[in-house]
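Step one of this worksheet: look at the structure below.
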Amino acid sequence: MPLGALPLMRAVAGGTMARGRLLGRSWLSTTASRANATAAATTAAACECITATAPYYNRHVVVCTPKADWPSNLTEAGDFMSELTRASVAPSNDGVVKLTMATRVAFIAAPGTGAGEPAVESGAMGKESTADVLVFPENVRYESVSLDDVKQIISAGRVEGKEALPTKSNLLVCAHGARDKRCGDEGTKVAQVLAAAVGERQAGDRVDVWASSHVGGHQYAANVLVYPSGDWFGKVRERSHVDALLNHILDDDAARARGGGGGSGSAEQAAIPAALNDLWRGRMGATPAQQAQLH
């Protein structure tokens, strides 16, 4: 079922999501017949394959922010992000670092009802600002870190003297509307539906959903990055995709809990299910050529 046919929520002032009306037009094409769509997909399969389109990097640093309306260029998001952007491309870095901002999409339950709605927490960051930071593949979270602390994380993956807290499985959905409208529209919808699905399954203690700044590949919106596996998925546009993705994350989470691997880049992590095979873009730590071999 196309996500555009679901009663999605719209953003309102203050950063919260209010219950919205049923969208009148699907954001997927609904005019072509199923047979024609299948035939077209088969004919164009070779050029539409999105495997091996994830960029190569070996560390992802995510700065958690209380706002989701980032400027197109993160260097304009205040001195904090401007300094970090320069640090992320410094030659002293241990490999290739991806730096993004993200805002948590929470499922807020209405008191006493068990029902709820997704909400995006809702402010530029100066040099004196502090922020929580997620670090992958270390799969840890640092709380209230300074600009200098984050620079340490970018260069070394850790902060001396600060506790690295374990984190949950994390789904980062590119929803950077100022960078590209497709990500702002489709990514935001997918983030909302994912958050709602997590709430429906009472899996909030195992999974966090984040609206993320630009990750790369607007044409593949909605793009979803999954950690700790480091897998990238694109063209996530239907409710069946969301369900398959969440099933995969929870299965992988259960495998890790049993000691069966599942870390970023692990050969023993849960195999990509058939329902997501055509949506897989690649994996953190692998070059495009290696991603093609993994597929």
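Going through the structure tokens in order, the chains are called A, B, and so on, while each chain numbers its residues from 1 and the ligands are numbered from 1 in the order shown.
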
Subject >> Exercise: stretch 54-65 of chain A partners within 7 Å, only C-alpha atoms, chain neighbours under 3 positions left out, as a count of residues only >> reply: 26

Contacts of stretch 178-185 of chain A at 10 Å (only C-alpha atoms; same-chain gap of 5+ positions) as a PDB file with N, CA, C and O atoms, in the first residue's frame:
```pdb
ATOM      1  N   TRP A  27       1.847   9.905  -3.434  1.00  0.00           N
ATOM      2  CA  TRP A  27       3.159  10.386  -3.868  1.00  0.00           C
ATOM      3  C   TRP A  27       3.857   9.328  -4.705  1.00  0.00           C
ATOM      4  O   TRP A  27       4.973   9.483  -5.123  1.00  0.00           O
ATOM      5  N   ASP A  69      14.769  21.908  10.431  1.00  0.00           N
ATOM      6  CA  ASP A  69      14.769  22.760   9.237  1.00  0.00           C
ATOM      7  C   ASP A  69      16.166  23.342   9.011  1.00  0.00           C
ATOM      8  O   ASP A  69      16.380  24.543   9.052  1.00  0.00           O
ATOM      9  N   TRP A  70      17.126  22.454   8.736  1.00  0.00           N
ATOM     10  CA  TRP A  70      18.495  22.880   8.516  1.00  0.00           C
ATOM     11  C   TRP A  70      18.613  23.631   7.197  1.00  0.00           C
ATOM     12  O   TRP A  70      17.866  23.373   6.249  1.00  0.00           O
ATOM     13  N   PRO A  71      19.595  24.550   7.109  1.00  0.00           N
ATOM     14  CA  PRO A  71      19.841  25.209   5.828  1.00  0.00           C
ATOM     15  C   PRO A  71      20.390  24.205   4.826  1.00  0.00           C
ATOM     16  O   PRO A  71      20.849  23.119   5.198  1.00  0.00           O
ATOM     17  N   SER A  72      20.365  24.569   3.548  1.00  0.00           N
ATOM     18  CA  SER A  72      20.852  23.663   2.513  1.00  0.00           C
ATOM     19  C   SER A  72      22.301  23.271   2.750  1.00  0.00           C
ATOM     20  O   SER A  72      22.682  22.107   2.611  1.00  0.00           O
ATOM     21  N   ASN A  73      23.126  24.237   3.140  1.00  0.00           N
ATOM     22  CA  ASN A  73      24.537  23.999   3.424  1.00  0.00           C
ATOM     23  C   ASN A  73      24.736  24.018   4.929  1.00  0.00           C
ATOM     24  O   ASN A  73      24.470  25.022   5.589  1.00  0.00           O
ATOM     25  N   LEU A  74      25.207  22.918   5.499  1.00  0.00           N
ATOM     26  CA  LEU A  74      25.337  22.827   6.954  1.00  0.00           C
ATOM     27  C   LEU A  74      26.336  23.817   7.529  1.00  0.00           C
ATOM     28  O   LEU A  74      26.299  24.108   8.723  1.00  0.00           O
ATOM     29  N   VAL A 173      16.574   8.773   8.341  1.00  0.00           N
ATOM     30  CA  VAL A 173      15.868   9.006   7.086  1.00  0.00           C
ATOM     31  C   VAL A 173      16.195  10.418   6.599  1.00  0.00           C
ATOM     32  O   VAL A 173      15.958  11.390   7.309  1.00  0.00           O
ATOM     33  N   VAL A 190       8.217   9.125   5.249  1.00  0.00           N
ATOM     34  CA  VAL A 190       8.715   7.809   5.659  1.00  0.00           C
ATOM     35  C   VAL A 190       9.159   7.827   7.111  1.00  0.00           C
ATOM     36  O   VAL A 190       8.895   6.879   7.870  1.00  0.00           O
ATOM     37  N   ALA A 211      15.063  12.004  11.660  1.00  0.00           N
ATOM     38  CA  ALA A 211      15.024  12.785  10.420  1.00  0.00           C
ATOM     39  C   ALA A 211      16.414  13.370  10.250  1.00  0.00           C
ATOM     40  O   ALA A 211      16.900  14.095  11.119  1.00  0.00           O
ATOM     41  N   SER A 212      17.082  13.040   9.145  1.00  0.00           N
ATOM     42  CA  SER A 212      18.493  13.385   8.960  1.00  0.00           C
ATOM     43  C   SER A 212      18.685  14.450   7.895  1.00  0.00           C
ATOM     44  O   SER A 212      17.879  14.596   6.972  1.00  0.00           O
ATOM     45  N   SER A 213      19.804  15.176   8.020  1.00  0.00           N
ATOM     46  CA  SER A 213      20.212  16.075   6.953  1.00  0.00           C
ATOM     47  C   SER A 213      20.762  15.248   5.788  1.00  0.00           C
ATOM     48  O   SER A 213      20.822  14.019   5.845  1.00  0.00           O
ATOM     49  N   HIS A 214      21.170  15.926   4.736  1.00  0.00           N
ATOM     50  CA  HIS A 214      21.592  15.317   3.476  1.00  0.00           C
ATOM     51  C   HIS A 214      22.572  14.156   3.649  1.00  0.00           C
ATOM     52  O   HIS A 214      23.569  14.280   4.359  1.00  0.00           O
ATOM     53  N   VAL A 215      22.267  13.026   3.007  1.00  0.00           N
ATOM     54  CA  VAL A 215      23.185  11.889   3.027  1.00  0.00           C
ATOM     55  C   VAL A 215      23.729  11.581   1.637  1.00  0.00           C
ATOM     56  O   VAL A 215      24.788  10.969   1.512  1.00  0.00           O
ATOM     57  N   GLY A 216      23.009  11.993   0.601  1.00  0.00           N
ATOM     58  CA  GLY A 216      23.452  11.740  -0.770  1.00  0.00           C
ATOM     59  C   GLY A 216      22.510  10.813  -1.514  1.00  0.00           C
ATOM     60  O   GLY A 216      22.138   9.766  -0.999  1.00  0.00           O
ATOM     61  N   GLY A 217      22.117  11.228  -2.728  1.00  0.00           N
ATOM     62  CA  GLY A 217      21.228  10.401  -3.548  1.00  0.00           C
ATOM     63  C   GLY A 217      19.787  10.853  -3.495  1.00  0.00           C
ATOM     64  O   GLY A 217      18.893  10.049  -3.218  1.00  0.00           O
ATOM     65  N   HIS A 218      19.546  12.169  -3.788  1.00  0.00           N
ATOM     66  CA  HIS A 218      18.173  12.684  -3.738  1.00  0.00           C
ATOM     67  C   HIS A 218      17.222  11.848  -4.601  1.00  0.00           C
ATOM     68  O   HIS A 218      16.065  11.646  -4.247  1.00  0.00           O
ATOM     69  N   GLN A 219      17.744  11.405  -5.754  1.00  0.00           N
ATOM     70  CA  GLN A 219      16.884  10.694  -6.701  1.00  0.00           C
ATOM     71  C   GLN A 219      16.387   9.369  -6.152  1.00  0.00           C
ATOM     72  O   GLN A 219      15.466   8.778  -6.719  1.00  0.00           O
ATOM     73  N   TYR A 220      16.987   8.902  -5.068  1.00  0.00           N
ATOM     74  CA  TYR A 220      16.572   7.632  -4.474  1.00  0.00           C
ATOM     75  C   TYR A 220      15.666   7.824  -3.261  1.00  0.00           C
ATOM     76  O   TYR A 220      15.409   6.866  -2.527  1.00  0.00           O
ATOM     77  N   ALA A 221      15.212   9.049  -3.030  1.00  0.00           N
ATOM     78  CA  ALA A 221      14.357   9.311  -1.872  1.00  0.00           C
ATOM     79  C   ALA A 221      13.142   8.389  -1.893  1.00  0.00           C
ATOM     80  O   ALA A 221      12.613   8.086  -2.965  1.00  0.00           O
ATOM     81  N   ALA A 222      12.759   7.916  -0.730  1.00  0.00           N
ATOM     82  CA  ALA A 222      13.321   8.188   0.582  1.00  0.00           C
ATOM     83  C   ALA A 222      14.503   7.263   0.871  1.00  0.00           C
ATOM     84  O   ALA A 222      14.432   6.061   0.628  1.00  0.00           O
ATOM     85  N   ASN A 223      15.588   7.867   1.388  1.00  0.00           N
ATOM     86  CA  ASN A 223      16.776   7.126   1.755  1.00  0.00           C
ATOM     87  C   ASN A 223      16.778   6.848   3.252  1.00  0.00           C
ATOM     88  O   ASN A 223      16.535   7.752   4.054  1.00  0.00           O
TER      89      ASN A 223
END
```

Original post:
From the list A:Ala257, A:Leu245, A:Ala274, A:Val207, which residue is nearest A:Arg104 when using only C-alpha atoms?
Top reply: A:Val207

What parts of stretch 75-281 of chain A does DSSP call strand (DSSP E)? I'd like the answer as an mmCIF file with N, CA and C atoms, in the first residue's frame.
```
data_model
loop_
_atom_site.group_PDB
_atom_site.id
_atom_site.type_symbol
_atom_site.label_atom_id
_atom_site.label_comp_id
_atom_site.auth_asym_id
_atom_site.auth_seq_id
_atom_site.Cartn_x
_atom_site.Cartn_y
_atom_site.Cartn_z
ATOM 1 N N VAL A 97 35.100 10.406 6.895
ATOM 2 C CA VAL A 97 34.059 10.646 7.897
ATOM 3 C C VAL A 97 32.844 11.294 7.251
ATOM 4 N N LYS A 98 31.671 10.745 7.508
ATOM 5 C CA LYS A 98 30.417 11.376 7.094
ATOM 6 C C LYS A 98 29.869 12.128 8.301
ATOM 7 N N LEU A 99 29.481 13.400 8.092
ATOM 8 C CA LEU A 99 28.959 14.240 9.164
ATOM 9 C C LEU A 99 27.566 14.717 8.800
ATOM 10 N N THR A 100 26.593 14.424 9.636
ATOM 11 C CA THR A 100 25.233 14.889 9.393
ATOM 12 C C THR A 100 24.610 15.383 10.688
ATOM 13 N N MET A 101 23.472 16.048 10.548
ATOM 14 C CA MET A 101 22.663 16.451 11.696
ATOM 15 C C MET A 101 21.388 15.621 11.664
ATOM 16 N N ALA A 102 20.783 15.414 12.808
ATOM 17 C CA ALA A 102 19.555 14.632 12.838
ATOM 18 C C ALA A 102 18.682 15.054 14.009
ATOM 19 N N THR A 103 17.380 14.948 13.797
ATOM 20 C CA THR A 103 16.394 15.246 14.827
ATOM 21 C C THR A 103 15.546 14.014 15.067
ATOM 22 N N ARG A 104 15.424 13.623 16.317
ATOM 23 C CA ARG A 104 14.685 12.390 16.617
ATOM 24 C C ARG A 104 13.205 12.552 16.313
ATOM 25 N N VAL A 105 12.635 11.526 15.707
ATOM 26 C CA VAL A 105 11.199 11.473 15.440
ATOM 27 C C VAL A 105 10.603 10.524 16.463
ATOM 28 N N ALA A 106 9.880 11.073 17.409
ATOM 29 C CA ALA A 106 9.363 10.264 18.515
ATOM 30 C C ALA A 106 7.898 9.943 18.295
ATOM 31 N N PHE A 107 7.458 8.826 18.866
ATOM 32 C CA PHE A 107 6.041 8.480 18.823
ATOM 33 C C PHE A 107 5.434 8.883 20.149
ATOM 34 N N ILE A 108 4.629 9.921 20.131
ATOM 35 C CA ILE A 108 4.071 10.492 21.355
ATOM 36 C C ILE A 108 2.676 9.923 21.598
ATOM 37 N N ALA A 109 2.519 9.182 22.671
ATOM 38 C CA ALA A 109 1.229 8.572 22.971
ATOM 39 C C ALA A 109 0.297 9.558 23.661
ATOM 40 N N GLY A 116 -1.423 7.582 19.477
ATOM 41 C CA GLY A 116 -0.445 8.663 19.451
ATOM 42 C C GLY A 116 -0.148 9.118 18.056
ATOM 43 N N GLU A 117 0.830 9.999 17.935
ATOM 44 C CA GLU A 117 1.211 10.514 16.638
ATOM 45 C C GLU A 117 2.699 10.809 16.630
ATOM 46 N N PRO A 118 3.351 10.678 15.458
ATOM 47 C CA PRO A 118 4.768 10.990 15.380
ATOM 48 C C PRO A 118 4.995 12.475 15.596
ATOM 49 N N ALA A 119 6.098 12.838 16.209
ATOM 50 C CA ALA A 119 6.404 14.240 16.461
ATOM 51 C C ALA A 119 7.888 14.483 16.252
ATOM 52 N N VAL A 120 8.216 15.559 15.539
ATOM 53 C CA VAL A 120 9.609 15.956 15.389
ATOM 54 C C VAL A 120 9.915 17.009 16.438
ATOM 55 N N ALA A 131 25.950 19.346 22.328
ATOM 56 C CA ALA A 131 24.976 18.497 21.648
ATOM 57 C C ALA A 131 25.249 17.043 21.980
ATOM 58 N N ASP A 132 24.220 16.226 21.866
ATOM 59 C CA ASP A 132 24.414 14.784 21.921
ATOM 60 C C ASP A 132 24.889 14.339 20.545
ATOM 61 N N VAL A 133 25.727 13.314 20.527
ATOM 62 C CA VAL A 133 26.315 12.855 19.269
ATOM 63 C C VAL A 133 26.246 11.336 19.191
ATOM 64 N N LEU A 134 25.820 10.831 18.042
ATOM 65 C CA LEU A 134 25.849 9.402 17.759
ATOM 66 C C LEU A 134 27.074 9.113 16.901
ATOM 67 N N VAL A 135 27.740 7.991 17.157
ATOM 68 C CA VAL A 135 28.947 7.639 16.414
ATOM 69 C C VAL A 135 28.836 6.198 15.915
ATOM 70 N N PHE A 136 29.026 6.034 14.608
ATOM 71 C CA PHE A 136 28.990 4.711 13.993
ATOM 72 C C PHE A 136 30.272 4.509 13.181
ATOM 73 N N VAL A 140 27.728 4.158 19.506
ATOM 74 C CA VAL A 140 27.650 4.737 20.839
ATOM 75 C C VAL A 140 27.072 6.147 20.755
ATOM 76 N N ARG A 141 26.716 6.654 21.917
ATOM 77 C CA ARG A 141 26.169 8.003 22.034
ATOM 78 C C ARG A 141 26.936 8.744 23.130
ATOM 79 N N TYR A 142 27.333 9.972 22.820
ATOM 80 C CA TYR A 142 27.930 10.862 23.802
ATOM 81 C C TYR A 142 26.940 11.983 24.086
ATOM 82 N N GLU A 143 26.774 12.305 25.359
ATOM 83 C CA GLU A 143 25.796 13.322 25.736
ATOM 84 C C GLU A 143 26.475 14.649 26.062
ATOM 85 N N SER A 144 25.835 15.734 25.630
ATOM 86 C CA SER A 144 26.252 17.109 25.957
ATOM 87 C C SER A 144 27.739 17.331 25.713
ATOM 88 N N VAL A 145 28.177 17.046 24.507
ATOM 89 C CA VAL A 145 29.575 17.234 24.169
ATOM 90 C C VAL A 145 29.800 18.607 23.537
ATOM 91 N N LEU A 165 28.038 5.875 25.721
ATOM 92 C CA LEU A 165 26.847 5.118 26.088
ATOM 93 C C LEU A 165 26.395 4.240 24.924
ATOM 94 N N PRO A 166 25.972 3.018 25.206
ATOM 95 C CA PRO A 166 25.448 2.179 24.122
ATOM 96 C C PRO A 166 24.165 2.780 23.578
ATOM 97 N N SER A 169 19.214 0.365 17.973
ATOM 98 C CA SER A 169 19.240 0.371 16.527
ATOM 99 C C SER A 169 18.720 1.732 16.092
ATOM 100 N N ASN A 170 19.337 2.308 15.071
ATOM 101 C CA ASN A 170 18.976 3.657 14.645
ATOM 102 C C ASN A 170 18.663 3.688 13.155
ATOM 103 N N LEU A 171 17.544 4.312 12.820
ATOM 104 C CA LEU A 171 17.139 4.496 11.428
ATOM 105 C C LEU A 171 17.212 5.983 11.116
ATOM 106 N N LEU A 172 18.087 6.367 10.195
ATOM 107 C CA LEU A 172 18.233 7.758 9.789
ATOM 108 C C LEU A 172 17.597 7.930 8.412
ATOM 109 N N VAL A 173 16.574 8.773 8.341
ATOM 110 C CA VAL A 173 15.868 9.006 7.086
ATOM 111 C C VAL A 173 16.195 10.418 6.599
ATOM 112 N N CYS A 174 16.776 10.533 5.401
ATOM 113 C CA CYS A 174 17.099 11.859 4.881
ATOM 114 C C CYS A 174 15.806 12.621 4.640
ATOM 115 N N VAL A 207 14.523 0.699 19.039
ATOM 116 C CA VAL A 207 14.737 1.404 17.776
ATOM 117 C C VAL A 207 14.447 2.883 17.934
ATOM 118 N N ASP A 208 15.340 3.727 17.417
ATOM 119 C CA ASP A 208 15.105 5.166 17.302
ATOM 120 C C ASP A 208 15.043 5.543 15.831
ATOM 121 N N VAL A 209 14.121 6.438 15.498
ATOM 122 C CA VAL A 209 13.978 6.944 14.133
ATOM 123 C C VAL A 209 14.396 8.408 14.125
ATOM 124 N N TRP A 210 15.221 8.791 13.153
ATOM 125 C CA TRP A 210 15.753 10.151 13.053
ATOM 126 C C TRP A 210 15.468 10.741 11.683
ATOM 127 N N ALA A 211 15.063 12.004 11.660
ATOM 128 C CA ALA A 211 15.024 12.785 10.420
ATOM 129 C C ALA A 211 16.414 13.370 10.250
ATOM 130 N N SER A 212 17.082 13.040 9.145
ATOM 131 C CA SER A 212 18.493 13.385 8.960
ATOM 132 C C SER A 212 18.685 14.450 7.895
ATOM 133 N N VAL A 224 17.044 5.593 3.614
ATOM 134 C CA VAL A 224 17.066 5.188 5.015
ATOM 135 C C VAL A 224 18.401 4.507 5.311
ATOM 136 N N LEU A 225 19.129 5.036 6.294
ATOM 137 C CA LEU A 225 20.384 4.430 6.745
ATOM 138 C C LEU A 225 20.104 3.676 8.031
ATOM 139 N N VAL A 226 20.593 2.450 8.109
ATOM 140 C CA VAL A 226 20.314 1.570 9.238
ATOM 141 C C VAL A 226 21.606 1.285 9.995
ATOM 142 N N TYR A 227 21.587 1.548 11.292
ATOM 143 C CA TYR A 227 22.731 1.225 12.151
ATOM 144 C C TYR A 227 22.250 0.377 13.313
ATOM 145 N N ASP A 231 23.774 -0.460 6.678
ATOM 146 C CA ASP A 231 23.147 -0.630 5.371
ATOM 147 C C ASP A 231 22.362 0.610 4.955
ATOM 148 N N TRP A 232 22.395 0.889 3.657
ATOM 149 C CA TRP A 232 21.640 2.000 3.057
ATOM 150 C C TRP A 232 20.519 1.422 2.196
ATOM 151 N N PHE A 233 19.339 2.012 2.322
ATOM 152 C CA PHE A 233 18.208 1.635 1.478
ATOM 153 C C PHE A 233 17.648 2.881 0.809
ATOM 154 N N TRP A 280 18.323 -1.947 -1.694
ATOM 155 C CA TRP A 280 19.619 -1.862 -1.021
ATOM 156 C C TRP A 280 20.606 -1.059 -1.851
ATOM 157 N N ARG A 281 21.151 0.026 -1.268
ATOM 158 C CA ARG A 281 22.101 0.888 -1.968
ATOM 159 C C ARG A 281 23.556 0.528 -1.669
#
```
